[in-house]
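Encoded as structure tokens, the structure appears first; notes follow it.
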Amino acid sequence: MKTNQMKTNTFFPPEWVEQDAVLIAWPHADTDWHDMLDEVVACYQQIAEAILATEPLIVVAPDIEKAKADLRNVEAHAPHKVHYFGMPTNDTWARDFGAITVMRDGKCIPLDFKFDAWGMKFAADKDNLITSRLDLYELFVHSPENHRAFVLEGGSVESDGNGTVMTTASCLLSPNRNAEMTKDDITIHLKQVLGAENVLWINNGEMPGDDTDGHIDTLARFAPGDVILYNGAVCPDGEVPEAHAQQLCAMEAEIQEFVNADGRKYNLMQLPVPAPIYDEDGMQLPATYANFLVTNHRVLVPIYGQPLADDLALRIIAVAFPDHEVVGIDCNALIKQHGSLHCVTMQFPKNTLKI
């Protein structure tokens, strides 16, 4: 059934379409990174270098001179440019406050949704305004549409590029996001604003230590050719705790029944999960290989210093993205604040930006 997309003429592109740039927010002393700033800046430098190998980088920061100093050596050897924009930020999770871009009538339209820090868990007053502040710099070809009456984070929705959006019930049905809306209401709304014909809901699989209430980008991801990559209960460098293994098996059973907008089942590729990683208080951290970023000609994959699992994940993702170079980036620093590589980045499709 294709009536919705024909009516709205809106298309939510998959992550692997050609991009103008990737957005990141630079870590600073007033973020939750203050006790480990040097460690996380080193990780961000690696991410920036990997992005700049194939496309420009957008950096927002309250102190752009500090960000420039941190990136000086990276930028000196990069084939692409860094664009800096000064503005206040609460934190650095660009995936969730960055504009979600759709295509409509051949134009790339950024959509500015409300960001309430994953159900009002943290302060978000500054991050919620980043898209509108970037618009004041005239960064976008078309000004972002105001959708701030609806809470939606970029990490909570995944597009296959053919009319299907995948999401999770634990996140989008959280009472601190859009409590006045039912599941049917939200499904209809996603179809309207994202031009989707088909919305797939995952009800299982949420990771221990995940502040987002189970973002889809920590659990399952689309790849070209009707492929879904998903976390399996496979842990080459250790064991999956029993409760989490049960969740992953239940999620796998759900995904096995998913069909695309044309009614065909997906091709499934199981990713390993890292052996559990704990913080100093004994809390498990949300390490996942599903939190990869697709850029122009590359897939940047978080790795965690676990040789067997890291290597297996890189090999599987390389099969799923045969036209991309796969690059592993150590993200042990990022998971200490309960996110990973995809969480700190937001890509903009080609012709979204004036750069």
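Here, A, B, ... name the chains of the structure tokens in the order displayed, residue numbers run from 1 inside each chain, and ligands are numbered from 1 in the same displayed order.
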Please identify which residues in region 79-305 of chain A DSSP calls alpha helix (DSSP H) from the backbone, and express them as a PDB file with N, CA and C atoms, in the first residue's frame.
```
ATOM      1  N   ALA A  94      24.468  14.444  19.495  1.00  0.00           N
ATOM      2  CA  ALA A  94      23.949  15.101  18.285  1.00  0.00           C
ATOM      3  C   ALA A  94      22.903  14.268  17.549  1.00  0.00           C
ATOM      4  N   ARG A  95      22.958  12.959  17.649  1.00  0.00           N
ATOM      5  CA  ARG A  95      21.966  12.111  16.976  1.00  0.00           C
ATOM      6  C   ARG A  95      20.550  12.461  17.414  1.00  0.00           C
ATOM      7  N   ASP A  96      20.412  12.864  18.663  1.00  0.00           N
ATOM      8  CA  ASP A  96      19.079  12.984  19.231  1.00  0.00           C
ATOM      9  C   ASP A  96      18.532  14.405  19.240  1.00  0.00           C
ATOM     10  N   PHE A  97      19.415  15.413  19.156  1.00  0.00           N
ATOM     11  CA  PHE A  97      18.899  16.778  19.017  1.00  0.00           C
ATOM     12  C   PHE A  97      19.097  17.335  17.611  1.00  0.00           C
ATOM     13  N   ALA A 117      15.709  15.213  26.303  1.00  0.00           N
ATOM     14  CA  ALA A 117      16.741  14.409  26.982  1.00  0.00           C
ATOM     15  C   ALA A 117      16.182  13.079  27.460  1.00  0.00           C
ATOM     16  N   TRP A 118      15.580  12.347  26.496  1.00  0.00           N
ATOM     17  CA  TRP A 118      15.134  10.974  26.699  1.00  0.00           C
ATOM     18  C   TRP A 118      14.117  10.866  27.842  1.00  0.00           C
ATOM     19  N   GLY A 119      13.079  11.681  27.739  1.00  0.00           N
ATOM     20  CA  GLY A 119      12.030  11.628  28.746  1.00  0.00           C
ATOM     21  C   GLY A 119      12.345  12.434  29.985  1.00  0.00           C
ATOM     22  N   MET A 120      12.974  13.603  29.792  1.00  0.00           N
ATOM     23  CA  MET A 120      13.263  14.561  30.874  1.00  0.00           C
ATOM     24  C   MET A 120      14.194  13.989  31.944  1.00  0.00           C
ATOM     25  N   ILE A 130      19.437  23.755  19.231  1.00  0.00           N
ATOM     26  CA  ILE A 130      20.599  23.750  18.342  1.00  0.00           C
ATOM     27  C   ILE A 130      20.191  23.841  16.872  1.00  0.00           C
ATOM     28  N   THR A 131      19.172  23.114  16.457  1.00  0.00           N
ATOM     29  CA  THR A 131      18.763  23.176  15.050  1.00  0.00           C
ATOM     30  C   THR A 131      18.306  24.576  14.677  1.00  0.00           C
ATOM     31  N   SER A 132      17.501  25.210  15.522  1.00  0.00           N
ATOM     32  CA  SER A 132      17.038  26.568  15.213  1.00  0.00           C
ATOM     33  C   SER A 132      18.186  27.563  15.246  1.00  0.00           C
ATOM     34  N   ARG A 133      19.167  27.349  16.104  1.00  0.00           N
ATOM     35  CA  ARG A 133      20.330  28.245  16.127  1.00  0.00           C
ATOM     36  C   ARG A 133      21.214  28.043  14.899  1.00  0.00           C
ATOM     37  N   LEU A 134      21.343  26.824  14.443  1.00  0.00           N
ATOM     38  CA  LEU A 134      22.075  26.598  13.189  1.00  0.00           C
ATOM     39  C   LEU A 134      21.372  27.282  12.023  1.00  0.00           C
ATOM     40  N   ASP A 135      20.055  27.336  12.084  1.00  0.00           N
ATOM     41  CA  ASP A 135      19.310  28.019  11.018  1.00  0.00           C
ATOM     42  C   ASP A 135      19.604  29.516  11.016  1.00  0.00           C
ATOM     43  N   LEU A 136      19.861  30.098  12.182  1.00  0.00           N
ATOM     44  CA  LEU A 136      20.219  31.517  12.250  1.00  0.00           C
ATOM     45  C   LEU A 136      21.536  31.794  11.527  1.00  0.00           C
ATOM     46  N   ALA A 169       9.051   0.192  20.970  1.00  0.00           N
ATOM     47  CA  ALA A 169       7.939   0.581  21.830  1.00  0.00           C
ATOM     48  C   ALA A 169       8.429   1.183  23.140  1.00  0.00           C
ATOM     49  N   SER A 170       9.523   0.647  23.686  1.00  0.00           N
ATOM     50  CA  SER A 170      10.009   1.138  24.979  1.00  0.00           C
ATOM     51  C   SER A 170      10.387   2.608  24.924  1.00  0.00           C
ATOM     52  N   CYS A 171      10.837   3.072  23.781  1.00  0.00           N
ATOM     53  CA  CYS A 171      11.237   4.472  23.636  1.00  0.00           C
ATOM     54  C   CYS A 171      10.050   5.348  23.244  1.00  0.00           C
ATOM     55  N   LEU A 172       9.442   5.089  22.115  1.00  0.00           N
ATOM     56  CA  LEU A 172       8.420   6.006  21.613  1.00  0.00           C
ATOM     57  C   LEU A 172       7.137   5.986  22.430  1.00  0.00           C
ATOM     58  N   LYS A 183      -0.128   4.255  20.674  1.00  0.00           N
ATOM     59  CA  LYS A 183       0.741   3.647  19.665  1.00  0.00           C
ATOM     60  C   LYS A 183       0.194   3.897  18.266  1.00  0.00           C
ATOM     61  N   ASP A 184      -1.093   3.768  18.089  1.00  0.00           N
ATOM     62  CA  ASP A 184      -1.688   4.032  16.769  1.00  0.00           C
ATOM     63  C   ASP A 184      -1.512   5.492  16.370  1.00  0.00           C
ATOM     64  N   ASP A 185      -1.679   6.412  17.338  1.00  0.00           N
ATOM     65  CA  ASP A 185      -1.480   7.838  17.056  1.00  0.00           C
ATOM     66  C   ASP A 185      -0.054   8.095  16.567  1.00  0.00           C
ATOM     67  N   ILE A 186       0.913   7.499  17.264  1.00  0.00           N
ATOM     68  CA  ILE A 186       2.319   7.731  16.914  1.00  0.00           C
ATOM     69  C   ILE A 186       2.646   7.096  15.570  1.00  0.00           C
ATOM     70  N   THR A 187       2.101   5.926  15.309  1.00  0.00           N
ATOM     71  CA  THR A 187       2.311   5.285  14.004  1.00  0.00           C
ATOM     72  C   THR A 187       1.808   6.177  12.880  1.00  0.00           C
ATOM     73  N   ILE A 188       0.624   6.713  13.036  1.00  0.00           N
ATOM     74  CA  ILE A 188       0.054   7.605  12.015  1.00  0.00           C
ATOM     75  C   ILE A 188       0.910   8.852  11.865  1.00  0.00           C
ATOM     76  N   HIS A 189       1.372   9.389  12.989  1.00  0.00           N
ATOM     77  CA  HIS A 189       2.183  10.616  12.936  1.00  0.00           C
ATOM     78  C   HIS A 189       3.515  10.364  12.223  1.00  0.00           C
ATOM     79  N   LEU A 190       4.162   9.239  12.519  1.00  0.00           N
ATOM     80  CA  LEU A 190       5.417   8.913  11.841  1.00  0.00           C
ATOM     81  C   LEU A 190       5.199   8.761  10.339  1.00  0.00           C
ATOM     82  N   LYS A 191       4.093   8.157   9.967  1.00  0.00           N
ATOM     83  CA  LYS A 191       3.799   8.018   8.543  1.00  0.00           C
ATOM     84  C   LYS A 191       3.610   9.380   7.885  1.00  0.00           C
ATOM     85  N   GLN A 192       2.953  10.284   8.582  1.00  0.00           N
ATOM     86  CA  GLN A 192       2.700  11.609   8.015  1.00  0.00           C
ATOM     87  C   GLN A 192       3.971  12.429   7.881  1.00  0.00           C
ATOM     88  N   VAL A 193       4.765  12.509   8.953  1.00  0.00           N
ATOM     89  CA  VAL A 193       5.908  13.439   8.931  1.00  0.00           C
ATOM     90  C   VAL A 193       7.129  12.847   8.232  1.00  0.00           C
ATOM     91  N   LEU A 194       7.262  11.515   8.258  1.00  0.00           N
ATOM     92  CA  LEU A 194       8.431  10.882   7.638  1.00  0.00           C
ATOM     93  C   LEU A 194       8.104  10.238   6.291  1.00  0.00           C
ATOM     94  N   GLU A 242      22.087 -13.973  31.252  1.00  0.00           N
ATOM     95  CA  GLU A 242      20.899 -14.745  30.868  1.00  0.00           C
ATOM     96  C   GLU A 242      19.697 -13.850  30.568  1.00  0.00           C
ATOM     97  N   ALA A 243      19.459 -12.846  31.412  1.00  0.00           N
ATOM     98  CA  ALA A 243      18.284 -11.991  31.210  1.00  0.00           C
ATOM     99  C   ALA A 243      18.377 -11.236  29.896  1.00  0.00           C
ATOM    100  N   HIS A 244      19.591 -10.750  29.571  1.00  0.00           N
ATOM    101  CA  HIS A 244      19.770 -10.021  28.314  1.00  0.00           C
ATOM    102  C   HIS A 244      19.667 -10.983  27.128  1.00  0.00           C
ATOM    103  N   ALA A 245      20.196 -12.171  27.263  1.00  0.00           N
ATOM    104  CA  ALA A 245      20.112 -13.162  26.187  1.00  0.00           C
ATOM    105  C   ALA A 245      18.649 -13.475  25.861  1.00  0.00           C
ATOM    106  N   GLN A 246      17.816 -13.564  26.876  1.00  0.00           N
ATOM    107  CA  GLN A 246      16.395 -13.818  26.642  1.00  0.00           C
ATOM    108  C   GLN A 246      15.757 -12.666  25.867  1.00  0.00           C
ATOM    109  N   GLN A 247      16.140 -11.445  26.239  1.00  0.00           N
ATOM    110  CA  GLN A 247      15.642 -10.271  25.517  1.00  0.00           C
ATOM    111  C   GLN A 247      16.076 -10.297  24.049  1.00  0.00           C
ATOM    112  N   LEU A 248      17.331 -10.635  23.812  1.00  0.00           N
ATOM    113  CA  LEU A 248      17.843 -10.653  22.441  1.00  0.00           C
ATOM    114  C   LEU A 248      17.172 -11.748  21.608  1.00  0.00           C
ATOM    115  N   CYS A 249      16.927 -12.883  22.199  1.00  0.00           N
ATOM    116  CA  CYS A 249      16.238 -13.961  21.468  1.00  0.00           C
ATOM    117  C   CYS A 249      14.798 -13.572  21.149  1.00  0.00           C
ATOM    118  N   ALA A 250      14.145 -12.882  22.088  1.00  0.00           N
ATOM    119  CA  ALA A 250      12.777 -12.423  21.838  1.00  0.00           C
ATOM    120  C   ALA A 250      12.757 -11.372  20.735  1.00  0.00           C
ATOM    121  N   MET A 251      13.770 -10.483  20.723  1.00  0.00           N
ATOM    122  CA  MET A 251      13.857  -9.492  19.656  1.00  0.00           C
ATOM    123  C   MET A 251      14.108 -10.159  18.310  1.00  0.00           C
ATOM    124  N   GLU A 252      14.970 -11.157  18.289  1.00  0.00           N
ATOM    125  CA  GLU A 252      15.242 -11.877  17.046  1.00  0.00           C
ATOM    126  C   GLU A 252      13.971 -12.503  16.480  1.00  0.00           C
ATOM    127  N   ALA A 253      13.158 -13.065  17.343  1.00  0.00           N
ATOM    128  CA  ALA A 253      11.907 -13.673  16.891  1.00  0.00           C
ATOM    129  C   ALA A 253      10.983 -12.634  16.269  1.00  0.00           C
ATOM    130  N   GLU A 254      10.974 -11.420  16.848  1.00  0.00           N
ATOM    131  CA  GLU A 254      10.165 -10.339  16.267  1.00  0.00           C
ATOM    132  C   GLU A 254      10.675  -9.950  14.883  1.00  0.00           C
ATOM    133  N   ILE A 255      11.992  -9.761  14.783  1.00  0.00           N
ATOM    134  CA  ILE A 255      12.589  -9.295  13.533  1.00  0.00           C
ATOM    135  C   ILE A 255      12.401 -10.331  12.419  1.00  0.00           C
ATOM    136  N   GLN A 256      12.412 -11.590  12.780  1.00  0.00           N
ATOM    137  CA  GLN A 256      12.222 -12.645  11.782  1.00  0.00           C
ATOM    138  C   GLN A 256      10.861 -12.561  11.097  1.00  0.00           C
TER     139      GLN A 256
END
```
Can you pull out every residue within 6 Å of His342 (chain A), counting only C-alpha atoms, but drop anything in the same chain fewer than 4 positions away, and send it as a ChimeraX atom specification? /A:291-293
One residue among A:Val344, A:Ala223, A:Ala29, A:Ile303 is nearest to Val319 (chain A) when using only C-alpha atoms, and that residue is A:Ala223
Nearest to Ala290 (chain A) by atom-to-atom distance, counting only C-alpha atoms, from A:Ile64, A:Ile216, A:Val151, A:Val82: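 Once distances to Ala290 (chain A) are computed over only C-alpha atoms, the minimum belongs to A:Ile216.
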Excluding Asp127 (chain A) and residues on its chain fewer than 6 positions from it, collect all residues at most 8 Å away from it, counting only C-alpha atoms, and give them as JSON, numbers by chain. {"A": [88, 89, 90, 91, 97, 115]}
If you count only C-alpha atoms, which residues fall within 12 Å of Asp30 (chain A), apart from same-chain ones fewer than 2 positions away, as a compact mmCIF listing (two decimals) with C-alpha atoms, in the first residue's frame?
```txt
# COMPACT_ATOMS: atom_id res chain seq x y z
CA TRP A 26 32.25 19.17 20.93
CA PRO A 27 32.77 17.97 24.54
CA HIS A 28 33.51 20.65 27.11
CA ASP A 32 28.89 15.23 31.77
CA TRP A 33 32.33 14.57 30.30
CA HIS A 34 34.03 16.97 32.74
CA ASP A 35 35.71 14.22 34.79
CA MET A 36 37.12 12.47 31.71
CA LEU A 37 37.44 15.30 29.20
CA ALA A 61 30.45 24.25 20.68
CA PRO A 62 30.11 27.09 23.19
CA ASP A 63 33.85 27.77 22.79
CA PRO A 88 25.63 26.85 24.09
CA THR A 89 25.20 23.11 24.53
CA ASN A 90 24.07 20.91 27.41
CA ASP A 91 25.81 17.80 26.12
CA THR A 92 27.05 16.09 22.99
CA ALA A 123 18.74 19.15 31.09
```
